$ cat coords_2.cif   # mmCIF, C-alpha atoms
data_run
#
loop_
_atom_site.label_atom_id
_atom_site.label_comp_id
_atom_site.auth_asym_id
_atom_site.auth_seq_id
_atom_site.Cartn_x
_atom_site.Cartn_y
_atom_site.Cartn_z
CA MET T 1 42.01 34.98 -52.02
CA SER T 2 40.76 31.47 -51.24
CA ASN T 3 43.04 28.69 -52.43
CA THR T 4 39.92 26.69 -53.36
CA LEU T 5 38.58 29.32 -55.76
CA LYS T 6 37.99 27.96 -59.25
CA ALA T 7 37.24 29.79 -62.49
CA TYR T 8 35.44 28.56 -65.60
CA ARG T 9 35.51 30.52 -68.85
CA ALA T 10 33.11 30.19 -71.79
CA ALA T 11 29.96 31.81 -73.07
CA ILE T 12 27.65 31.90 -70.04
CA LEU T 13 23.85 32.14 -69.96
CA HIS T 14 21.39 31.98 -67.08
CA SER T 15 17.79 32.96 -66.37
CA LEU T 16 16.93 35.85 -64.08
CA ALA T 17 13.13 35.61 -64.19
CA ASP T 18 10.18 34.12 -66.06
CA PRO T 19 9.87 35.66 -69.55
CA ALA T 20 6.09 35.51 -69.15
CA GLU T 21 6.37 37.93 -66.21
CA VAL T 22 9.18 40.31 -67.21
CA GLY T 23 9.49 39.90 -70.99
CA VAL T 24 12.14 37.95 -72.85
CA GLU T 25 14.79 40.69 -72.90
CA ASN T 26 14.71 41.08 -69.13
CA SER T 27 14.56 37.37 -68.36
CA TYR T 28 18.20 36.36 -68.82
CA GLN T 29 21.83 37.42 -68.50
CA TYR T 30 24.42 36.48 -71.13
CA PHE T 31 28.18 36.89 -71.40
CA GLU T 32 29.67 36.06 -74.80
CA ASP T 33 33.05 35.68 -73.06
CA GLY T 34 32.22 35.04 -69.42
CA VAL T 35 33.78 33.72 -66.25
CA LEU T 36 32.04 31.76 -63.49
CA LEU T 37 33.82 31.86 -60.11
CA VAL T 38 33.16 29.00 -57.69
CA ASP T 39 34.39 28.44 -54.14
CA ASP T 40 33.48 25.69 -51.68
CA GLY T 41 30.67 24.45 -53.92
CA ARG T 42 28.97 27.84 -54.25
CA VAL T 43 28.81 30.56 -56.88
CA VAL T 44 31.03 33.52 -55.96
CA GLU T 45 30.45 35.67 -59.03
CA VAL T 46 29.63 35.56 -62.71
CA GLY T 47 30.50 38.22 -65.23
CA PRO T 48 32.50 39.26 -68.30
CA ALA T 49 35.99 37.84 -68.63
CA GLU T 50 37.53 41.25 -69.22
CA ARG T 51 36.38 42.38 -65.76
CA LEU T 52 36.94 39.21 -63.73
CA LEU T 53 40.17 37.78 -65.14
CA PRO T 54 42.41 40.62 -63.84
CA LYS T 55 41.12 39.98 -60.31
CA LEU T 56 42.07 36.30 -60.19
CA ASN T 57 45.72 36.66 -59.14
CA GLY T 58 46.98 33.36 -60.48
CA VAL T 59 43.81 31.30 -60.02
CA GLU T 60 43.73 28.58 -62.67
CA VAL T 61 41.07 29.21 -65.30
CA ARG T 62 39.34 26.24 -66.93
CA GLU T 63 38.50 27.37 -70.44
CA TYR T 64 35.94 25.84 -72.79
CA ARG T 65 35.94 26.86 -76.45
CA ASP T 66 32.81 26.73 -78.61
CA ALA T 67 30.76 26.02 -75.49
CA LEU T 68 27.98 27.46 -73.38
CA ILE T 69 27.78 27.22 -69.59
CA THR T 70 24.29 27.15 -68.11
CA PRO T 71 22.90 26.16 -64.72
CA GLY T 72 22.34 22.44 -64.25
CA PHE T 73 19.00 21.18 -65.54
CA ILE T 74 16.18 20.44 -63.12
CA ASP T 75 13.80 17.52 -63.68
CA THR T 76 10.55 17.96 -61.75
CA HIS T 77 9.14 14.49 -62.43
CA ILE T 78 10.89 11.17 -63.09
CA HIS T 79 10.67 7.49 -61.97
CA TYR T 80 14.03 5.87 -61.27
CA PRO T 81 12.66 2.29 -60.97
CA GLN T 82 11.39 2.58 -64.55
CA THR T 83 14.86 3.14 -66.05
CA GLY T 84 14.98 -0.41 -67.37
CA MET T 85 11.57 -0.23 -69.07
CA ILE T 86 12.03 3.00 -71.02
CA ALA T 87 10.83 2.59 -74.63
CA SER T 88 8.26 -0.13 -73.87
CA TYR T 89 5.85 -0.54 -76.74
CA GLY T 90 2.26 0.19 -77.34
CA GLU T 91 -0.02 1.08 -74.43
CA GLN T 92 -1.78 4.07 -72.92
CA LEU T 93 -1.41 4.95 -69.26
CA LEU T 94 -3.55 2.46 -67.32
CA ASP T 95 -2.70 -0.59 -69.44
CA TRP T 96 0.93 0.52 -69.54
CA LEU T 97 1.09 0.44 -65.72
CA ASP T 98 -0.25 -3.11 -65.58
CA THR T 99 1.81 -4.42 -68.49
CA TYR T 100 5.19 -2.87 -67.79
CA THR T 101 5.45 -0.68 -64.70
CA PHE T 102 4.22 -2.93 -61.92
CA PRO T 103 6.23 -6.03 -62.93
CA THR T 104 9.37 -3.88 -63.28
CA GLU T 105 8.94 -2.21 -59.89
CA ARG T 106 8.49 -5.56 -58.15
CA GLN T 107 12.25 -6.11 -58.38
CA PHE T 108 13.00 -3.15 -56.11
CA ALA T 109 12.29 -5.10 -52.95
CA ASP T 110 15.88 -6.31 -53.50
CA LYS T 111 18.22 -3.59 -52.15
CA ALA T 112 21.11 -4.75 -54.34
CA HIS T 113 18.99 -4.45 -57.49
CA ALA T 114 17.75 -1.02 -56.40
CA ALA T 115 21.33 0.13 -55.80
CA ASP T 116 22.41 -1.03 -59.26
CA VAL T 117 19.57 0.83 -60.94
CA ALA T 118 20.10 3.94 -58.82
CA GLY T 119 23.69 4.08 -60.03
CA ILE T 120 22.67 3.73 -63.68
CA PHE T 121 19.88 6.28 -63.23
CA LEU T 122 22.06 8.96 -61.65
CA LYS T 123 24.76 8.43 -64.24
CA GLU T 124 22.18 9.00 -66.99
CA LEU T 125 20.88 12.17 -65.33
CA LEU T 126 24.37 13.63 -65.00
CA ARG T 127 25.33 12.54 -68.52
CA ASN T 128 22.38 14.62 -69.70
CA GLY T 129 23.24 17.65 -67.56
CA THR T 130 20.51 17.18 -64.94
CA THR T 131 21.75 18.01 -61.45
CA THR T 132 18.47 18.04 -59.48
CA ALA T 133 15.41 15.80 -59.87
CA LEU T 134 12.14 15.06 -58.11
CA VAL T 135 12.13 11.26 -58.15
CA PHE T 136 9.62 8.46 -57.63
CA GLY T 137 10.98 5.39 -55.87
CA SER T 138 8.97 2.18 -55.69
CA VAL T 139 6.69 1.05 -52.87
CA HIS T 140 9.70 -0.51 -51.13
CA LYS T 141 11.74 1.32 -48.49
CA GLU T 142 14.82 -0.32 -49.96
CA SER T 143 14.40 1.59 -53.21
CA VAL T 144 14.54 4.95 -51.46
CA ASP T 145 17.47 4.03 -49.24
CA ALA T 146 19.42 2.87 -52.29
CA PHE T 147 18.65 6.04 -54.22
CA PHE T 148 19.58 8.42 -51.42
CA GLU T 149 22.77 6.51 -50.63
CA ALA T 150 23.90 6.88 -54.23
CA ALA T 151 22.91 10.56 -54.43
CA GLU T 152 24.62 11.38 -51.12
CA LYS T 153 27.94 10.00 -52.37
CA LEU T 154 27.82 12.45 -55.28
CA ASP T 155 26.59 15.36 -53.09
CA LEU T 156 23.60 15.91 -55.37
CA ARG T 157 20.53 17.98 -54.56
CA MET T 158 17.82 15.35 -55.03
CA ILE T 159 14.25 14.82 -53.83
CA ALA T 160 12.67 11.37 -53.61
CA GLY T 161 10.07 9.31 -51.82
CA LYS T 162 8.60 5.86 -51.30
CA VAL T 163 5.45 5.20 -53.32
CA LEU T 164 2.23 4.90 -51.31
CA MET T 165 -0.14 2.42 -52.92
CA ASP T 166 -2.63 0.31 -50.94
CA ARG T 167 -5.21 -0.66 -53.60
CA ASN T 168 -5.77 -1.24 -57.33
CA ALA T 169 -2.29 -2.69 -57.78
CA PRO T 170 -0.80 -6.19 -57.56
CA ASP T 171 -0.54 -7.61 -54.04
CA TYR T 172 3.23 -7.74 -54.35
CA LEU T 173 3.33 -3.94 -54.75
CA THR T 174 0.86 -2.73 -52.14
CA ASP T 175 1.46 -1.42 -48.66
CA THR T 176 -1.23 -0.42 -46.14
CA ALA T 177 -2.26 3.01 -44.96
CA GLU T 178 -0.49 2.39 -41.65
CA SER T 179 2.68 0.75 -43.02
CA GLY T 180 3.02 3.39 -45.73
CA TYR T 181 2.85 6.12 -43.11
CA ALA T 182 5.32 4.38 -40.78
CA ASP T 183 7.80 3.50 -43.55
CA SER T 184 7.69 7.03 -44.96
CA LYS T 185 8.20 8.54 -41.52
CA GLU T 186 11.23 6.33 -40.96
CA LEU T 187 12.73 7.41 -44.30
CA ILE T 188 12.03 11.08 -43.58
CA GLU T 189 13.85 10.85 -40.26
CA ARG T 190 16.80 9.19 -41.97
CA TRP T 191 17.15 11.30 -45.11
CA HIS T 192 15.16 14.56 -45.19
CA GLY T 193 17.57 17.49 -44.89
CA LYS T 194 20.66 15.30 -44.86
CA GLY T 195 23.27 17.03 -47.01
CA ARG T 196 21.44 18.22 -50.12
CA LEU T 197 18.68 15.59 -49.93
CA HIS T 198 14.94 16.13 -49.47
CA TYR T 199 12.00 13.80 -49.00
CA ALA T 200 8.69 13.76 -50.88
CA VAL T 201 5.49 12.12 -49.63
CA THR T 202 4.61 10.10 -52.74
CA PRO T 203 1.14 8.66 -53.31
CA ARG T 204 1.34 7.18 -56.82
CA PHE T 205 -1.99 8.68 -57.85
CA ALA T 206 -5.44 8.89 -56.32
CA PRO T 207 -6.78 5.58 -57.73
CA THR T 208 -4.09 3.50 -56.01
CA SER T 209 -4.60 4.93 -52.53
CA THR T 210 -7.60 4.46 -50.25
CA PRO T 211 -9.08 7.48 -48.48
CA GLU T 212 -7.40 6.18 -45.32
CA GLN T 213 -3.99 6.25 -46.96
CA LEU T 214 -4.53 9.69 -48.45
CA GLU T 215 -5.60 10.95 -45.03
CA LEU T 216 -2.36 9.72 -43.46
CA ALA T 217 -0.31 11.04 -46.38
CA GLY T 218 -1.80 14.50 -45.79
CA LYS T 219 -1.02 14.21 -42.10
CA LEU T 220 2.57 13.29 -42.89
CA PHE T 221 2.94 16.17 -45.37
CA ALA T 222 2.01 18.61 -42.60
CA GLU T 223 4.23 17.09 -39.93
CA TYR T 224 7.67 18.13 -41.19
CA PRO T 225 8.96 21.50 -42.39
CA ASP T 226 9.95 21.82 -46.04
CA LEU T 227 8.67 18.35 -46.94
CA TYR T 228 7.56 17.71 -50.53
CA MET T 229 4.47 15.98 -51.93
CA HIS T 230 4.79 14.33 -55.35
CA THR T 231 2.02 12.62 -57.31
CA HIS T 232 0.17 12.48 -60.64
CA LEU T 233 -2.81 14.55 -61.76
CA SER T 234 -5.10 14.56 -64.80
CA GLU T 235 -2.74 12.81 -67.17
CA ASN T 236 -5.19 10.63 -69.06
CA ARG T 237 -8.96 10.92 -69.67
CA LYS T 238 -9.68 7.32 -68.60
CA GLU T 239 -7.72 7.97 -65.42
CA ILE T 240 -9.87 11.04 -64.70
CA GLU T 241 -13.07 9.03 -65.16
CA TRP T 242 -11.71 6.36 -62.83
CA VAL T 243 -11.06 8.98 -60.15
CA LYS T 244 -14.66 10.18 -60.48
CA GLU T 245 -15.90 6.62 -59.92
CA LEU T 246 -13.66 6.07 -56.89
CA PHE T 247 -14.31 9.47 -55.28
CA PRO T 248 -17.87 10.42 -56.31
CA GLU T 249 -18.19 12.79 -53.36
CA ARG T 250 -15.38 15.03 -54.63
CA SER T 251 -15.90 17.71 -57.29
CA GLY T 252 -12.88 16.70 -59.36
CA TYR T 253 -9.46 15.08 -59.46
CA LEU T 254 -7.58 17.94 -57.81
CA ASP T 255 -10.28 18.22 -55.16
CA VAL T 256 -9.35 14.71 -53.97
CA TYR T 257 -5.85 15.87 -53.12
CA ASP T 258 -7.14 19.16 -51.76
CA HIS T 259 -9.55 17.38 -49.42
CA TYR T 260 -6.74 15.27 -47.98
CA ARG T 261 -4.41 18.28 -47.54
CA LEU T 262 -2.04 17.14 -50.26
CA ILE T 263 -1.78 20.53 -51.89
CA GLY T 264 0.24 23.67 -51.28
CA GLN T 265 3.84 24.82 -51.35
CA ARG T 266 6.24 22.04 -52.41
CA ALA T 267 3.34 19.94 -53.74
CA VAL T 268 4.19 18.93 -57.31
CA PHE T 269 1.59 17.36 -59.59
CA ALA T 270 2.93 15.59 -62.66
CA HIS T 271 1.27 16.12 -66.04
CA GLY T 272 -1.88 18.22 -65.51
CA VAL T 273 -2.80 17.75 -69.16
CA HIS T 274 -6.56 18.04 -68.64
CA LEU T 275 -7.05 20.78 -66.02
CA CYS T 276 -10.05 23.10 -65.91
CA ASP T 277 -9.78 26.81 -65.06
CA ASP T 278 -10.97 26.28 -61.48
CA GLU T 279 -8.26 23.68 -60.90
CA CYS T 280 -5.60 26.00 -62.34
CA ARG T 281 -6.76 28.80 -60.06
CA ARG T 282 -6.64 26.49 -57.03
CA LEU T 283 -3.13 25.31 -57.88
CA ALA T 284 -1.97 28.91 -58.21
CA GLU T 285 -3.54 30.19 -55.00
CA THR T 286 -2.06 27.34 -52.96
CA GLY T 287 1.41 27.71 -54.47
CA SER T 288 1.35 24.18 -55.90
CA ALA T 289 3.33 23.28 -59.01
CA VAL T 290 2.77 21.21 -62.14
CA ALA T 291 5.43 19.22 -64.00
CA PHE T 292 5.17 19.50 -67.80
CA CYS T 293 6.27 16.11 -69.22
CA PRO T 294 6.31 16.47 -73.02
CA THR T 295 7.87 13.20 -74.18
CA SER T 296 5.68 10.94 -72.04
CA ASN T 297 2.48 12.86 -72.80
CA LEU T 298 3.10 12.26 -76.50
CA PHE T 299 4.39 8.70 -76.09
CA LEU T 300 1.33 7.56 -74.10
CA GLY T 301 -1.10 9.63 -76.17
CA SER T 302 -2.26 11.56 -73.10
CA GLY T 303 -2.82 14.91 -74.80
CA LEU T 304 -1.32 18.37 -75.27
CA PHE T 305 -0.23 20.30 -72.19
CA ASP T 306 -1.53 23.90 -72.19
CA LEU T 307 1.44 25.82 -70.79
CA GLU T 308 -0.07 29.17 -71.70
CA LYS T 309 -3.24 28.44 -69.74
CA LEU T 310 -1.34 27.56 -66.59
CA GLU T 311 0.86 30.65 -67.01
CA GLN T 312 -2.18 32.87 -67.28
CA HIS T 313 -3.43 31.55 -63.96
CA GLY T 314 -0.01 31.97 -62.34
CA VAL T 315 0.71 28.27 -61.74
CA ARG T 316 4.33 27.31 -61.10
CA VAL T 317 5.51 24.97 -63.89
CA GLY T 318 8.63 22.85 -64.11
CA LEU T 319 9.86 20.44 -66.78
CA GLY T 320 9.84 16.68 -66.29
CA THR T 321 11.18 13.81 -68.38
CA ASP T 322 8.88 11.22 -66.71
CA VAL T 323 11.26 8.35 -67.54
CA GLY T 324 10.20 5.59 -68.13
CA ALA T 325 7.03 6.71 -69.93
CA GLY T 326 9.20 9.58 -71.06
CA THR T 327 11.53 8.64 -73.87
CA SER T 328 14.72 10.49 -72.90
CA PHE T 329 16.67 11.61 -69.84
CA SER T 330 17.64 14.72 -71.81
CA GLN T 331 15.91 17.97 -70.90
CA LEU T 332 17.03 19.27 -74.29
CA GLN T 333 14.95 16.53 -75.90
CA SER T 334 12.07 17.36 -73.54
CA LEU T 335 12.22 20.95 -74.78
CA ASN T 336 12.29 19.71 -78.38
CA GLU T 337 8.97 17.95 -77.80
CA ALA T 338 7.58 20.83 -75.71
CA TYR T 339 8.12 23.16 -78.66
CA LYS T 340 6.15 20.80 -80.92
CA ILE T 341 3.32 20.49 -78.39
CA MET T 342 2.99 24.26 -78.35
CA GLN T 343 3.09 24.41 -82.16
CA LEU T 344 0.25 21.88 -82.38
CA GLN T 345 -1.85 24.31 -80.32
CA GLY T 346 -0.93 27.29 -82.48
CA LYS T 347 1.35 28.69 -79.75
CA LYS T 348 5.05 29.41 -79.44
CA LEU T 349 7.76 28.37 -76.98
CA ASP T 350 10.55 30.94 -76.98
CA PRO T 351 14.05 29.47 -76.46
CA PHE T 352 14.62 31.69 -73.42
CA LYS T 353 11.39 30.39 -71.92
CA SER T 354 12.75 26.90 -72.57
CA LEU T 355 15.92 27.78 -70.67
CA TYR T 356 13.80 29.10 -67.80
CA LEU T 357 11.65 25.93 -67.62
CA ALA T 358 14.71 23.67 -67.52
CA THR T 359 16.54 25.71 -64.85
CA LEU T 360 15.13 28.56 -62.77
CA GLY T 361 11.50 27.61 -63.48
CA GLY T 362 12.13 24.12 -62.15
CA ALA T 363 13.87 25.55 -59.09
CA ARG T 364 10.93 27.87 -58.47
CA ALA T 365 8.45 24.99 -58.84
CA LEU T 366 10.42 23.12 -56.18
CA TYR T 367 10.84 26.17 -53.90
CA LEU T 368 14.59 25.80 -54.33
CA ASP T 369 15.24 29.00 -56.27
CA HIS T 370 17.16 30.37 -53.26
CA ARG T 371 19.62 27.48 -53.72
CA ILE T 372 19.71 26.53 -57.41
CA GLY T 373 18.48 27.57 -60.87
CA ASN T 374 20.86 30.37 -61.83
CA PHE T 375 24.25 31.88 -61.00
CA SER T 376 23.28 34.35 -58.30
CA THR T 377 26.00 34.73 -55.69
CA GLY T 378 25.83 32.12 -52.95
CA LYS T 379 23.81 29.55 -54.87
CA ASP T 380 24.98 25.97 -55.29
CA ALA T 381 27.48 25.66 -58.13
CA ASP T 382 25.45 23.16 -60.15
CA PHE T 383 26.17 23.79 -63.81
CA VAL T 384 26.63 22.18 -67.20
CA VAL T 385 28.98 22.84 -70.12
CA LEU T 386 27.23 22.46 -73.48
CA ASP T 387 29.28 21.79 -76.62
CA TYR T 388 28.20 23.80 -79.65
CA LEU T 389 30.15 21.39 -81.90
CA ALA T 390 28.97 18.11 -80.36
CA THR T 391 27.74 16.62 -83.63
CA PRO T 392 28.58 17.43 -87.25
CA LEU T 393 25.04 18.65 -87.93
CA LEU T 394 24.94 20.86 -84.82
CA ALA T 395 28.36 22.31 -85.66
CA TYR T 396 27.22 23.10 -89.19
CA ARG T 397 23.98 24.64 -87.92
CA MET T 398 25.94 26.85 -85.50
CA GLN T 399 27.94 28.23 -88.42
CA GLN T 400 24.69 29.59 -89.84
CA ALA T 401 23.38 31.02 -86.52
CA ARG T 402 23.40 34.80 -86.30
CA SER T 403 22.15 35.33 -82.75
CA LEU T 404 22.15 33.83 -79.28
CA GLU T 405 18.46 33.04 -79.73
CA GLU T 406 19.24 30.94 -82.84
CA ARG T 407 22.05 29.07 -81.09
CA LEU T 408 19.93 28.34 -78.04
CA PHE T 409 17.01 27.14 -80.13
CA ALA T 410 19.26 24.87 -82.18
CA LEU T 411 20.59 23.31 -78.96
CA THR T 412 17.06 22.49 -77.80
CA ILE T 413 16.04 20.97 -81.13
CA LEU T 414 19.23 19.14 -82.14
CA GLY T 415 20.76 18.58 -78.72
CA ASP T 416 20.83 15.48 -76.52
CA ASP T 417 23.31 13.81 -74.17
CA ARG T 418 26.12 14.24 -76.73
CA VAL T 419 25.98 18.01 -76.23
CA VAL T 420 26.85 17.74 -72.52
CA LYS T 421 30.62 18.11 -72.29
CA GLU T 422 30.81 18.26 -68.47
CA THR T 423 28.43 18.41 -65.51
CA PHE T 424 29.22 19.93 -62.11
CA ALA T 425 27.37 19.44 -58.82
CA ALA T 426 28.26 21.65 -55.85
CA GLY T 427 31.33 22.77 -57.76
CA ARG T 428 32.66 19.26 -58.38
CA SER T 429 32.83 17.55 -61.79
CA VAL T 430 30.44 14.58 -61.71
CA HIS T 431 30.39 13.81 -65.44
CA LEU T 432 33.02 14.34 -68.12
CA ARG T 433 32.17 13.23 -71.62
CA GLY T 434 34.59 10.70 -73.00
#
$ encode --input "coords_2.cif" --output "structure tokens"
Amino acid sequence: MSNTLKAYRAAILHSLADPAEVGVENSYQYFEDGVLLVDDGRVVEVGPAERLLPKLNGVEVREYRDALITPGFIDTHIHYPQTGMIASYGEQLLDWLDTYTFPTERQFADKAHAADVAGIFLKELLRNGTTTALVFGSVHKESVDAFFEAAEKLDLRMIAGKVLMDRNAPDYLTDTAESGYADSKELIERWHGKGRLHYAVTPRFAPTSTPEQLELAGKLFAEYPDLYMHTHLSENRKEIEWVKELFPERSGYLDVYDHYRLIGQRAVFAHGVHLCDDECRRLAETGSAVAFCPTSNLFLGSGLFDLEKLEQHGVRVGLGTDVGAGTSFSQLQSLNEAYKIMQLQGKKLDPFKSLYLATLGGARALYLDHRIGNFSTGKDADFVVLDYLATPLLAYRMQQARSLEERLFALTILGDDRVVKETFAAGRSVHLRG
């Protein structure tokens, strides 16, 4: 037996499939008293303690009482340069960008500043149990270098990219079509596929890129295998009208990206609050994904995301915090707000669907479900230990819970960073709650 084998014992829960496709009962696997075996950063096996413990032959078992082990959370849309402007008051999307976002991102031309924020940002993600994220940098190469350097040291599976933005933004934040292409290509060569890191071609959104820049972004997206594309889509009604004015020859917002070949597998569109049926069908048939960002959609007054509609069309959906328009790094808090968004539409969000969105659903949206998202043998050992007794109220609520479904739902409504006892990335502890 390997001398690097490690064992973790607690209640263990992970998703096997989308509840919308296989039904809730067939969508997950749960062990009330389970053991997770990890070796060399990968999952070896997961199962009941009574079966696995006798096979361990002296391997030390790390035991967690009153706790639940789940796969690490996956954030499919977040802005690391906006960490310092989270909870900025009182604007909708377009004014919010001008008032808060652009002045904040200006500072990321300074590599030292970018490195400081990258460290704070990653610490917050891990403190909240998030082990993989699809991340916006700023327009500066330095911001992406700083982020990847910090993520590489922790051996995290992260995806990021330099923002492309050559119009409708302050001069101090714009690149050109040619420089954006060249800078992105340089970063791809340096970082894409290095360790557990991936690169995303990242036009901010259609209004801040000229047709020439979008053309080169599409070219770049096609030039490298397994590259990502990350942008915004149909978040705000004024934004949609602006896109119509800037691209009158296109039939709609999504058609802009489609025309410039910025659609397909590993293309992730944040928000998608106001999508028509034709756009949903096109997203599904191209294998593109949408990031559902509950806290920011409510905070900026953008509207109510129709998860059921996208599901019916077969669109891949992940969960995003969208910090800094989003109001929390916690995917548990994101699920709290997602539940309310569904309720406001007269629909339900089952707690096992919530688990799926935060883990395996996010992995599937990112085409990483062969590497992360659940505890299948051989996958990266990215996981989180959740404390059922983290707060007095949660502990009291758990005393009343009579089923796994109740406990899981209470975690998503009452839980936040305090619930995360420990976070592991590639089998190594990267956060331990004090």
$ closest_residue --input "coords_2.cif" --among "T:Ala10, T:Ala222, T:Ala160, T:Val430" --to "Tyr199 of chain T" --atoms "only C-alpha atoms"
T:Ala160
$ closest_residue --input "coords_2.cif" --among "T:Ala425, T:Val420, T:Val24, T:Leu52" --to "Asn128 of chain T" --atoms "all atoms listed in the file"
T:Val420
$ residues_around --input "coords_2.cif" --residues "Tyr253 of chain T" --least-positions-apart "6" --cutoff "7 Å" --atoms "all atoms listed in the file" --output "number ranges by chain"
T: 234, 240, 243
$ closest_atom_pairs --input "coords_2.cif" --of "segment 122-178 of chain T" --to "segment 378-398 of chain T" --cutoff "10 Å" --atoms "only C-alpha atoms" --output "tab-separated table"
residue	atom	partner	partner_atom	distance
T:Leu126	CA	T:Val384	CA	9.1
T:Arg127	CA	T:Val384	CA	9.8
T:Asn128	CA	T:Val384	CA	9.0
T:Gly129	CA	T:Val384	CA	5.7
T:Thr130	CA	T:Val384	CA	8.2
T:Thr131	CA	T:Asp382	CA	6.5
T:Thr132	CA	T:Asp382	CA	8.7
T:Leu156	CA	T:Asp382	CA	8.9
T:Arg157	CA	T:Asp382	CA	9.1
$ residues_around --input "coords_2.cif" --residues "Phe205 of chain T" --least-positions-apart "5" --cutoff "8 Å" --atoms "all atoms listed in the file" --output "short mmCIF file (atom, residue, chain, number, x, y, z; two decimals) with C-alpha atoms, keeping the file's coordinate frame"
data_model
loop_
_atom_site.label_atom_id
_atom_site.label_comp_id
_atom_site.auth_asym_id
_atom_site.auth_seq_id
_atom_site.Cartn_x
_atom_site.Cartn_y
_atom_site.Cartn_z
CA THR T 231 2.02 12.62 -57.31
CA HIS T 232 0.17 12.48 -60.64
CA LEU T 233 -2.81 14.55 -61.76
#
$ atom_distance --input "coords_2.cif" --atom1 "atom CA of Gln331 of chain T" --atom2 "atom CA of Leu187 of chain T"
28.8 Å
$ residues_around --input "coords_2.cif" --residues "Leu275 of chain T" --least-positions-apart "5" --cutoff "12 Å" --atoms "all atoms listed in the file" --output "tab-separated table (two decimals) with C-alpha atoms, in the coordinates of the input"
chain	number	residue	atom	x	y	z
T	233	LEU	CA	-2.81	14.55	-61.76
T	234	SER	CA	-5.10	14.56	-64.80
T	235	GLU	CA	-2.74	12.81	-67.17
T	236	ASN	CA	-5.19	10.63	-69.06
T	237	ARG	CA	-8.96	10.92	-69.67
T	240	ILE	CA	-9.87	11.04	-64.70
T	252	GLY	CA	-12.88	16.70	-59.36
T	253	TYR	CA	-9.46	15.08	-59.46
T	254	LEU	CA	-7.58	17.94	-57.81
T	255	ASP	CA	-10.28	18.22	-55.16
T	269	PHE	CA	1.59	17.36	-59.59
T	270	ALA	CA	2.93	15.59	-62.66
T	280	CYS	CA	-5.60	26.00	-62.34
T	281	ARG	CA	-6.76	28.80	-60.06
T	282	ARG	CA	-6.64	26.49	-57.03
T	283	LEU	CA	-3.13	25.31	-57.88
T	290	VAL	CA	2.77	21.21	-62.14
T	303	GLY	CA	-2.82	14.91	-74.80
T	304	LEU	CA	-1.32	18.37	-75.27
T	305	PHE	CA	-0.23	20.30	-72.19
T	306	ASP	CA	-1.53	23.90	-72.19
T	307	LEU	CA	1.44	25.82	-70.79
T	309	LYS	CA	-3.24	28.44	-69.74
T	310	LEU	CA	-1.34	27.56	-66.59
T	313	HIS	CA	-3.43	31.55	-63.96
T	315	VAL	CA	0.71	28.27	-61.74
$ resolve_selection --input "coords_2.cif" --expression "the PyMOL selection byres ((chain T and resi 327) around 6)" --output "count of residues only"
3
$ resolve_selection --input "coords_2.cif" --expression "the PyMOL selection byres ((chain T and resi 257-265) around 7)" --output "number ranges by chain"
T: 214-215, 218, 229, 254-256, 266-267, 286-288
$ write_last_selection --input "coords_2.cif" --atoms "C-alpha atoms" --output "PDB file, in the coordinates of the input"
ATOM      1  CA  LEU T 214      -4.530   9.690 -48.450  1.00  0.00           C
ATOM      2  CA  GLU T 215      -5.600  10.950 -45.030  1.00  0.00           C
ATOM      3  CA  GLY T 218      -1.800  14.500 -45.790  1.00  0.00           C
ATOM      4  CA  MET T 229       4.470  15.980 -51.930  1.00  0.00           C
ATOM      5  CA  LEU T 254      -7.580  17.940 -57.810  1.00  0.00           C
ATOM      6  CA  ASP T 255     -10.280  18.220 -55.160  1.00  0.00           C
ATOM      7  CA  VAL T 256      -9.350  14.710 -53.970  1.00  0.00           C
ATOM      8  CA  ARG T 266       6.240  22.040 -52.410  1.00  0.00           C
ATOM      9  CA  ALA T 267       3.340  19.940 -53.740  1.00  0.00           C
ATOM     10  CA  THR T 286      -2.060  27.340 -52.960  1.00  0.00           C
ATOM     11  CA  GLY T 287       1.410  27.710 -54.470  1.00  0.00           C
ATOM     12  CA  SER T 288       1.350  24.180 -55.900  1.00  0.00           C
TER      13      SER T 288
END
$ resolve_selection --input "coords_2.cif" --expression "the PyMOL selection byres ((chain T and resi 5) around 6)" --output "number ranges by chain"
T: 2-4, 6, 38-39
$ write_last_selection --input "coords_2.cif" --atoms "C-alpha atoms" --output "mmCIF file, in the coordinates of the input"
data_model
loop_
_atom_site.group_PDB
_atom_site.id
_atom_site.type_symbol
_atom_site.label_atom_id
_atom_site.label_comp_id
_atom_site.auth_asym_id
_atom_site.auth_seq_id
_atom_site.Cartn_x
_atom_site.Cartn_y
_atom_site.Cartn_z
ATOM 1 C CA SER T 2 40.760 31.470 -51.240
ATOM 2 C CA ASN T 3 43.040 28.690 -52.430
ATOM 3 C CA THR T 4 39.920 26.690 -53.360
ATOM 4 C CA LYS T 6 37.990 27.960 -59.250
ATOM 5 C CA VAL T 38 33.160 29.000 -57.690
ATOM 6 C CA ASP T 39 34.390 28.440 -54.140
#
$ closest_residue --input "coords_2.cif" --among "T:Ala325, T:Leu408, T:Ala338, T:Ala200" --to "Phe352 of chain T" --atoms "all atoms listed in the file"
T:Leu408
